[in-house]
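Student: Sharing final.txt below, compact mmCIF, C-alpha atoms:
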```txt
# COMPACT_ATOMS: atom_id res chain seq x y z
CA MET A 1 -7.98 -18.41 -6.63
CA LEU A 2 -8.50 -18.87 -2.89
CA ALA A 3 -7.95 -15.14 -2.33
CA LEU A 4 -10.54 -14.33 -4.98
CA ARG A 5 -13.06 -16.75 -3.45
CA LEU A 6 -12.56 -15.29 0.03
CA ALA A 7 -12.89 -11.76 -1.37
CA ARG A 8 -16.06 -12.66 -3.28
CA GLY A 9 -17.63 -14.22 -0.20
CA GLY A 10 -17.28 -11.13 1.97
CA ARG A 11 -20.16 -9.13 3.37
CA PRO A 12 -21.46 -6.01 1.59
CA LEU A 13 -19.67 -3.68 4.01
CA VAL A 14 -16.39 -5.53 3.42
CA GLN A 15 -16.92 -5.30 -0.34
CA LEU A 16 -17.62 -1.59 -0.01
CA ARG A 17 -14.31 -1.04 1.78
CA ARG A 18 -12.50 -2.92 -0.96
CA LEU A 19 -14.22 -0.81 -3.60
CA LEU A 20 -13.09 2.30 -1.73
CA VAL A 21 -9.52 1.00 -1.88
CA ALA A 22 -9.92 0.50 -5.62
CA ALA A 23 -11.29 4.04 -5.95
CA ALA A 24 -8.37 5.49 -4.00
CA SER A 25 -5.93 3.53 -6.15
CA ALA A 26 -7.70 4.78 -9.29
CA GLY A 27 -7.39 8.39 -8.15
CA THR A 28 -3.71 8.07 -7.32
CA GLY A 29 -2.95 6.25 -10.56
CA PHE A 30 -4.80 8.89 -12.56
CA LEU A 31 -2.77 11.66 -10.91
CA MET A 32 0.45 9.88 -11.83
CA LEU A 33 -0.71 9.41 -15.42
CA CYS A 34 -1.63 13.07 -15.62
CA THR A 35 1.90 13.87 -14.49
CA LEU A 36 3.18 11.68 -17.32
CA GLY A 37 0.92 13.49 -19.77
CA TYR A 38 2.28 16.84 -18.58
CA ALA A 39 5.85 15.61 -19.02
CA LEU A 40 5.08 14.46 -22.57
CA GLY A 41 3.44 17.74 -23.50
CA HIS A 42 6.16 19.89 -21.92
CA PRO A 43 9.50 18.17 -22.54
CA GLU A 44 11.37 21.41 -21.76
CA ALA A 45 9.85 21.68 -18.25
CA SER A 46 11.48 18.65 -16.67
CA THR A 47 11.78 20.32 -13.26
CA ALA A 48 8.06 21.08 -13.13
CA ALA A 49 7.24 17.50 -14.16
CA ARG A 50 9.43 16.08 -11.39
CA LEU A 51 7.79 18.46 -8.92
CA ARG A 52 4.34 17.25 -9.94
CA LEU A 53 5.48 13.65 -9.54
CA ALA A 54 6.88 14.43 -6.09
CA TRP A 55 3.51 15.86 -5.02
CA CYS A 56 1.93 12.53 -6.01
CA LEU A 57 3.72 10.95 -3.05
CA VAL A 58 1.14 12.46 -0.68
CA PRO A 59 -1.92 10.70 -2.19
CA LEU A 60 0.22 7.59 -2.68
CA ALA A 61 1.02 7.44 1.04
CA ALA A 62 -2.63 8.06 1.91
CA THR A 63 -3.77 5.28 -0.44
CA VAL A 64 -1.26 2.79 0.99
CA HIS A 65 -2.26 3.67 4.55
CA PHE A 66 -5.95 3.29 3.72
CA ALA A 67 -5.34 -0.06 1.98
CA VAL A 68 -3.45 -1.37 5.02
CA ALA A 69 -6.25 -0.24 7.36
CA VAL A 70 -8.83 -2.03 5.22
CA ALA A 71 -6.69 -5.18 5.09
CA ARG A 72 -6.37 -5.20 8.89
CA SER A 73 -10.13 -4.93 9.31
CA ASP A 74 -10.87 -7.62 6.73
CA PRO A 75 -12.55 -10.65 8.39
CA GLY A 76 -10.77 -12.93 5.95
CA THR A 77 -7.42 -12.14 7.59
CA LYS A 78 -8.51 -13.30 11.06
CA PRO A 79 -7.16 -16.74 12.10
CA ARG A 80 -9.79 -19.47 12.31
CA SER A 81 -9.53 -23.02 13.57
CA GLY A 82 -11.03 -24.41 10.39
CA LEU A 83 -8.57 -22.63 8.14
CA SER A 84 -5.61 -23.51 10.35
CA ALA A 85 -6.56 -27.19 10.04
CA VAL A 86 -6.10 -27.05 6.27
CA GLY A 87 -2.78 -25.24 6.47
CA LEU A 88 -3.96 -21.62 6.32
CA GLY A 89 -2.23 -20.22 9.36
CA PRO A 90 -1.49 -16.54 10.11
CA ALA A 91 1.34 -16.42 7.56
CA ARG A 92 -0.85 -17.73 4.75
CA LEU A 93 -3.70 -15.42 5.75
CA SER A 94 -1.40 -12.39 5.64
CA LEU A 95 -0.33 -13.47 2.16
CA LEU A 96 -3.96 -13.77 1.10
CA ALA A 97 -4.66 -10.30 2.50
CA ALA A 98 -1.76 -8.90 0.50
CA ILE A 99 -3.08 -10.59 -2.66
CA SER A 100 -6.59 -9.22 -2.05
CA THR A 101 -5.13 -5.74 -1.59
CA ALA A 102 -3.14 -6.12 -4.80
CA VAL A 103 -6.27 -7.21 -6.69
CA ALA A 104 -8.27 -4.19 -5.46
CA CYS A 105 -5.46 -1.75 -6.26
CA THR A 106 -4.89 -3.32 -9.68
CA LEU A 107 -8.57 -2.89 -10.45
CA GLY A 108 -8.31 0.78 -9.52
CA SER A 109 -5.17 1.26 -11.63
CA THR A 110 -6.90 -0.34 -14.60
CA LEU A 111 -9.85 2.03 -14.24
CA ALA A 112 -7.43 4.95 -14.04
CA LEU A 113 -5.77 3.83 -17.28
CA PHE A 114 -9.10 3.52 -19.11
CA PHE A 115 -10.23 6.95 -17.90
CA PHE A 116 -6.90 8.50 -18.84
CA LEU A 117 -6.98 7.01 -22.34
CA HIS A 118 -10.59 8.09 -22.72
CA LEU A 119 -9.81 11.71 -21.84
CA ARG A 120 -6.88 11.64 -24.25
CA GLY A 121 -9.16 10.47 -27.04
CA ASP A 122 -7.48 7.08 -27.49
CA LEU A 123 -10.75 5.34 -26.54
CA SER A 124 -13.94 6.49 -28.22
CA GLY A 125 -17.64 5.84 -27.88
CA LEU A 126 -18.11 7.30 -24.37
CA PRO A 127 -19.07 10.74 -23.00
CA PHE A 128 -16.27 13.30 -22.64
CA ASP A 129 -14.30 11.54 -25.36
CA GLY A 130 -11.02 13.44 -25.78
CA ALA A 131 -12.10 16.26 -23.44
CA ALA A 132 -8.54 16.70 -22.11
CA ARG A 133 -6.71 16.07 -25.36
CA HIS A 134 -4.50 19.14 -25.09
CA LEU A 135 -3.75 18.76 -21.39
CA LEU A 136 -2.72 15.10 -21.66
CA ALA A 137 -0.54 15.39 -24.79
CA ALA A 138 -2.77 13.32 -27.06
CA ASP A 139 -0.55 14.13 -30.04
CA ARG A 140 2.37 12.19 -28.54
CA PRO A 141 2.57 8.40 -28.09
CA LEU A 142 2.51 7.01 -24.58
CA PRO A 143 5.67 5.17 -23.42
CA LEU A 144 4.45 1.73 -22.41
CA ALA A 145 7.21 1.16 -19.84
CA ALA A 146 6.46 4.41 -18.01
CA VAL A 147 2.71 3.71 -17.94
CA LEU A 148 3.19 0.21 -16.53
CA THR A 149 5.67 1.45 -13.94
CA LEU A 150 3.34 4.15 -12.67
CA LEU A 151 0.30 1.87 -12.60
CA THR A 152 2.01 -1.03 -10.81
CA PHE A 153 3.60 1.13 -8.13
CA VAL A 154 0.41 1.55 -6.09
CA PRO A 155 -0.55 -2.19 -6.05
CA LEU A 156 2.99 -3.23 -5.19
CA ALA A 157 3.37 -0.66 -2.42
CA ALA A 158 -0.06 -1.38 -0.90
CA SER A 159 0.27 -5.17 -1.02
CA GLY A 160 3.83 -5.07 0.34
CA ALA A 161 2.80 -2.81 3.22
CA SER A 162 -0.19 -5.05 3.99
CA ALA A 163 1.99 -8.16 4.06
CA LEU A 164 4.52 -6.41 6.29
CA VAL A 165 1.94 -5.14 8.78
CA LEU A 166 -0.09 -8.36 8.92
CA ARG A 167 2.87 -10.71 9.25
CA PRO A 168 2.62 -13.03 12.28
CA ARG A 169 4.79 -12.17 15.27
CA THR A 170 6.09 -14.79 17.70
CA THR A 171 6.04 -13.92 21.37
CA GLN A 172 8.74 -16.24 22.59
CA ALA A 173 11.66 -18.13 21.20
CA ALA A 174 11.24 -21.75 20.30
CA LYS A 175 12.24 -24.26 22.95
CA PRO A 176 15.11 -26.67 22.26
CA GLY A 177 13.87 -29.41 20.01
CA HIS A 178 10.72 -27.51 18.98
CA ALA A 179 10.75 -25.36 15.89
CA ALA A 180 8.93 -22.08 15.96
CA THR A 181 5.81 -22.03 13.81
CA ASP A 182 3.75 -19.22 12.39
CA GLU A 183 0.84 -20.27 14.58
CA GLN A 184 2.42 -18.59 17.61
CA GLU A 185 0.70 -15.27 18.08
CA GLU A 186 0.73 -12.50 20.58
CA PRO A 187 -1.61 -13.02 23.50
CA PHE A 188 -4.73 -10.91 23.72
CA ALA A 189 -3.75 -7.53 25.06
CA GLU A 190 -5.59 -6.00 28.03
CA PRO A 191 -7.56 -2.71 27.53
CA SER A 192 -4.77 -0.41 26.73
CA PRO A 193 -4.20 2.87 28.63
CA ALA A 194 -5.46 6.10 27.13
CA PRO A 195 -3.01 7.81 24.74
CA THR A 196 -1.30 10.82 26.23
CA GLY A 197 -0.74 12.91 23.11
CA LEU A 198 -3.85 15.08 23.36
CA PRO A 199 -2.19 18.11 25.08
CA TRP A 200 0.70 18.12 22.61
CA GLY A 201 -1.73 17.67 19.73
CA VAL A 202 -3.89 20.60 20.83
CA ALA A 203 -0.79 22.77 21.32
CA LEU A 204 0.58 21.94 17.86
CA LEU A 205 -2.84 22.45 16.31
CA ALA A 206 -3.19 25.87 17.90
CA ALA A 207 0.34 26.81 16.87
CA GLY A 208 -0.32 25.72 13.31
CA LEU A 209 -3.53 27.75 13.08
CA ALA A 210 -1.75 30.77 14.54
CA VAL A 211 1.11 30.49 12.05
CA GLU A 212 -1.34 30.10 9.16
CA THR A 213 -3.32 33.17 10.24
CA TYR A 214 -0.22 35.32 10.72
CA ALA A 215 1.38 34.21 7.46
CA ALA A 216 -1.86 34.71 5.51
CA ARG A 217 -2.14 38.33 6.68
CA ALA A 218 1.52 39.10 6.10
CA ARG A 219 2.44 40.43 2.69
CA GLY A 220 5.37 39.56 0.48
CA GLY A 221 7.52 36.47 0.41
CA ASP A 222 6.95 34.05 -2.41
CA GLY A 223 6.50 30.44 -1.45
CA PRO A 224 8.12 27.34 -2.93
CA PRO A 225 7.02 26.24 -6.41
CA MET A 226 3.84 24.17 -6.45
CA PRO A 227 2.21 22.30 -9.34
CA GLY A 228 -0.72 23.69 -11.25
CA GLY A 229 0.22 27.33 -10.70
CA LEU A 230 -0.56 27.22 -6.95
CA GLY A 231 2.38 29.41 -6.01
CA GLY A 232 0.45 31.95 -3.94
CA SER A 233 0.95 30.19 -0.59
CA SER A 234 3.89 31.50 1.40
CA THR A 235 6.33 29.37 3.31
CA GLY A 236 4.69 30.38 6.58
CA VAL A 237 1.30 29.07 5.44
CA LEU A 238 2.87 25.77 4.41
CA ALA A 239 4.61 25.55 7.78
CA GLY A 240 1.27 26.19 9.48
CA TRP A 241 -0.31 23.39 7.45
CA ALA A 242 2.48 21.05 8.53
CA LEU A 243 2.04 21.95 12.21
CA THR A 244 -1.72 21.51 11.94
CA ALA A 245 -1.36 18.08 10.36
CA LEU A 246 1.18 17.07 13.01
CA GLY A 247 -1.14 18.25 15.77
CA LEU A 248 -4.02 16.22 14.35
CA ALA A 249 -1.77 13.17 14.18
CA PHE A 250 -0.80 13.59 17.84
CA ALA A 251 -4.36 14.26 19.02
CA GLY A 252 -6.05 11.62 16.86
CA PRO A 253 -5.39 8.56 19.08
CA ALA A 254 -6.56 10.34 22.23
CA LEU A 255 -9.69 11.64 20.50
CA THR A 256 -10.46 8.15 19.20
CA HIS A 257 -10.03 6.73 22.70
CA LEU A 258 -12.39 9.37 24.10
CA CYS A 259 -14.94 8.56 21.38
CA GLY A 260 -14.81 4.91 22.41
CA ARG A 261 -15.39 5.85 26.04
CA ALA A 262 -18.29 8.14 25.13
CA LEU A 263 -19.81 5.41 22.98
CA GLN A 264 -19.91 3.06 25.96
CA ALA A 265 -21.25 5.70 28.36
CA VAL A 266 -24.51 6.49 26.53
CA ARG A 267 -27.09 3.64 26.60
CA PRO A 268 -24.47 0.89 26.84
CA GLY A 269 -25.71 -2.12 24.92
CA ALA A 270 -23.79 -5.10 23.62
CA VAL A 271 -22.98 -3.48 20.27
CA ARG A 272 -22.03 -0.14 21.82
CA LEU A 273 -19.81 -1.77 24.43
CA LEU A 274 -18.04 -3.86 21.80
CA ALA A 275 -17.62 -0.93 19.41
CA GLY A 276 -16.31 1.32 22.17
CA ARG A 277 -13.90 -1.36 23.34
CA VAL A 278 -12.55 -1.77 19.84
CA LEU A 279 -12.11 1.98 19.46
CA GLN A 280 -10.19 2.17 22.73
CA GLU A 281 -7.93 -0.78 21.90
CA GLU A 282 -7.23 0.37 18.33
CA ALA A 283 -7.01 4.09 19.13
CA GLN A 284 -3.22 4.28 18.78
CA ARG A 285 -3.32 2.62 15.37
CA ILE A 286 -6.36 4.14 13.67
CA GLY A 287 -6.42 7.55 15.36
CA ARG A 288 -3.70 8.99 13.16
```
Turn this file's structure into C-alpha cells for me.

Tutor:
Amino acid sequence: MLALRLARGGRPLVQLRRLLVAAASAGTGFLMLCTLGYALGHPEASTAARLRLAWCLVPLAATVHFAVAVARSDPGTKPRSGLSAVGLGPARLSLLAAISTAVACTLGSTLALFFFLHLRGDLSGLPFDGAARHLLAADRPLPLAAVLTLLTFVPLAASGASALVLRPRTTQAAKPGHAATDEQEEPFAEPSPAPTGLPWGVALLAAGLAVETYAARARGGDGPPMPGGLGGSSTGVLAGWALTALGLAFAGPALTHLCGRALQAVRPGAVRLLAGRVLQEEAQRIGR
C-alpha cells in the first residue's frame, strides 16, 4: 500500500515514465503471447516457435533495462531524513522501487493479455474484434499455465533487476561492536572523468557500417533463419548490425558526457548547469 501511495503521489513526468514502462511491458508481453499463438496454430513447427521465442529476448532485455533506468530516476527511491526516521532506509526504498516496477509491468502485461484475447475474438464488443483470429489460433484453447508464465516473466525480471541495482552498498566494514546497517551509503562521488570509449566506438561503428554495405551488395549466401519470413539478411549484414550496436554502446557514454559539457557551455544557468552535471556524472550508466 505504501508503494502504491508513493507511486500515486508522483509528479506528472514521473507518472509518464511509469506509463512508458507499462507500455514497454505490454509490447513485450504481447510479442510473447503472439509466439504462443503461433505455437498453438503450428504444432508441427516447434523449431520455428522456439526461434520466435528466442527473438523475444531482445525486447525483454530492452524492457528490463528501461524499467531499471526509470526506477533509478524515480524520486521516491531517494533516501530522505523523514523516511529514514520511520524506518524506510535505503533497503526499504529499494524494495518499494522494485514493487512499483512490478506494479507498472503487471499493468502492461494485463493490457497485453486483454489486447491478445480481443484480437483472438475471445473478448467482444470492441473495434477489431477477432481481427487476428487465424494468426493467433483462435480455434484452439489457450493453456493457462503458459499464459501466466509468459506474462509474469517481465514483471519478475524487471522488479528483480531493479531491486538488485538499487540495493544499498556499504563502503566500509562495521567496526567491532557496531553492526553494519543499511543506512551506510557510498559517499558523493566527485565529477567523474570523461569516458574514453569514443574512439573505439567510432571505429566499431564505421566497421559495422562497412560490413553492412559490403554484405548488402554481395550476392548469394543465405542467412540464419529469422521469424516472420525475414530470411533475406545474410550473415554479413547481421554481423554488421552487431558491430554497429557494439560501437554505439562504446560511444554512448562519451557522447552523453560531451552533451553534458555542451549543455553547460551555452548560456549556463542554474538548470543547465545542474542538468549538464547530471549528464556527466551518469554518462557511464545511461549512455549505453

Student: Can you list, as a PDB file with C-alpha atoms, in the coordinates of the input, every protein, DNA or RNA residue that comes within 7 Å of region 100-113 of chain A when you count all atoms listed in the file, leaving out same-chain residues fewer than 2 positions away?

Tutor:
```pdb
ATOM      1  CA  ALA A   3      -7.950 -15.140  -2.330  1.00  0.00           C
ATOM      2  CA  ALA A   7     -12.890 -11.760  -1.370  1.00  0.00           C
ATOM      3  CA  ARG A  18     -12.500  -2.920  -0.960  1.00  0.00           C
ATOM      4  CA  VAL A  21      -9.520   1.000  -1.880  1.00  0.00           C
ATOM      5  CA  ALA A  22      -9.920   0.500  -5.620  1.00  0.00           C
ATOM      6  CA  ALA A  23     -11.290   4.040  -5.950  1.00  0.00           C
ATOM      7  CA  SER A  25      -5.930   3.530  -6.150  1.00  0.00           C
ATOM      8  CA  ALA A  26      -7.700   4.780  -9.290  1.00  0.00           C
ATOM      9  CA  GLY A  27      -7.390   8.390  -8.150  1.00  0.00           C
ATOM     10  CA  GLY A  29      -2.950   6.250 -10.560  1.00  0.00           C
ATOM     11  CA  PHE A  30      -4.800   8.890 -12.560  1.00  0.00           C
ATOM     12  CA  ALA A  67      -5.340  -0.060   1.980  1.00  0.00           C
ATOM     13  CA  ALA A  71      -6.690  -5.180   5.090  1.00  0.00           C
ATOM     14  CA  LEU A  96      -3.960 -13.770   1.100  1.00  0.00           C
ATOM     15  CA  ALA A  97      -4.660 -10.300   2.500  1.00  0.00           C
ATOM     16  CA  ALA A  98      -1.760  -8.900   0.500  1.00  0.00           C
ATOM     17  CA  PHE A 115     -10.230   6.950 -17.900  1.00  0.00           C
ATOM     18  CA  PHE A 116      -6.900   8.500 -18.840  1.00  0.00           C
ATOM     19  CA  LEU A 117      -6.980   7.010 -22.340  1.00  0.00           C
ATOM     20  CA  LEU A 151       0.300   1.870 -12.600  1.00  0.00           C
ATOM     21  CA  VAL A 154       0.410   1.550  -6.090  1.00  0.00           C
ATOM     22  CA  PRO A 155      -0.550  -2.190  -6.050  1.00  0.00           C
ATOM     23  CA  LEU A 156       2.990  -3.230  -5.190  1.00  0.00           C
ATOM     24  CA  ALA A 158      -0.060  -1.380  -0.900  1.00  0.00           C
ATOM     25  CA  SER A 159       0.270  -5.170  -1.020  1.00  0.00           C
TER      26      SER A 159
END
```

Student: Please provide the set of residues having any atom within 8 Å of Thr244 (chain A), restricted to all atoms listed in the file, with same-chain residues fewer than 2 positions apart removed, written as number ranges by chain.

Tutor: A: 204-209, 240-242, 246-248

Student: In Å, rounded to a single decimal, give me how far CA of Thr196 (chain A) is from CA of Leu263 (chain A).

Tutor: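 Computing the Euclidean distance for CA of Leu263 (chain A) and CA of Thr196 (chain A) yields 19.6 Å.
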
Student: I'd like the contact shell of Leu136 (chain A) - 8 Å cut-off, all atoms listed in the file, skipping same-chain residues fewer than 2 positions apart - returned as a list in words.

Tutor: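 Here the qualifying residues turn out to be Cys34, Gly37, Tyr38, Leu40, Gly41, Leu119, Arg120, Ala132, Arg133, His134 and Ala138 of chain A.
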
Student: Save out the residues we just selected, C-alpha atoms, as a PDB file, in the coordinates of the input.

Tutor:
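Listing of again.pdb after writing:
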```pdb
ATOM      1  CA  CYS A  34      -1.630  13.070 -15.620  1.00  0.00           C
ATOM      2  CA  GLY A  37       0.920  13.490 -19.770  1.00  0.00           C
ATOM      3  CA  TYR A  38       2.280  16.840 -18.580  1.00  0.00           C
ATOM      4  CA  LEU A  40       5.080  14.460 -22.570  1.00  0.00           C
ATOM      5  CA  GLY A  41       3.440  17.740 -23.500  1.00  0.00           C
ATOM      6  CA  LEU A 119      -9.810  11.710 -21.840  1.00  0.00           C
ATOM      7  CA  ARG A 120      -6.880  11.640 -24.250  1.00  0.00           C
ATOM      8  CA  ALA A 132      -8.540  16.700 -22.110  1.00  0.00           C
ATOM      9  CA  ARG A 133      -6.710  16.070 -25.360  1.00  0.00           C
ATOM     10  CA  HIS A 134      -4.500  19.140 -25.090  1.00  0.00           C
ATOM     11  CA  ALA A 138      -2.770  13.320 -27.060  1.00  0.00           C
TER      12      ALA A 138
END
```

Student: Calculate how many Å separate CA of Ser162 (chain A) from CA of Val70 (chain A), rounding to one decimal.

Tutor: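 Taking CA of Ser162 (chain A) and CA of Val70 (chain A), their separation equals 9.2 Å.
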
Student: Pick the closest to Phe66 (chain A) from A:Arg17, A:His118, A:Arg261, A:Arg11: which is it, counting only C-alpha atoms?

Tutor: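 Between A:Arg17, A:His118, A:Arg261, A:Arg11, the residue approaching Phe66 (chain A) most closely is A:Arg17.
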
Student: Using only C-alpha atoms, which residues sit within 9 Å of Cys56 (chain A) once same-chain residues fewer than 2 positions away are excluded, as a list in words?

Tutor: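 In the requested form, the answer reads Thr28, Leu31, Met32, Thr35, Leu51, Arg52, Leu53, Ala54, Val58, Pro59, Leu60 and Ala61 of chain A.
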
Student: May I ask which of the residues A:Pro193, A:Ala157, A:Ala49, A:Leu57 is the closest one to Ile99 (chain A), counting only C-alpha atoms?

Tutor: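 The shortest atom-to-atom distance to Ile99 (chain A) comes from A:Ala157.
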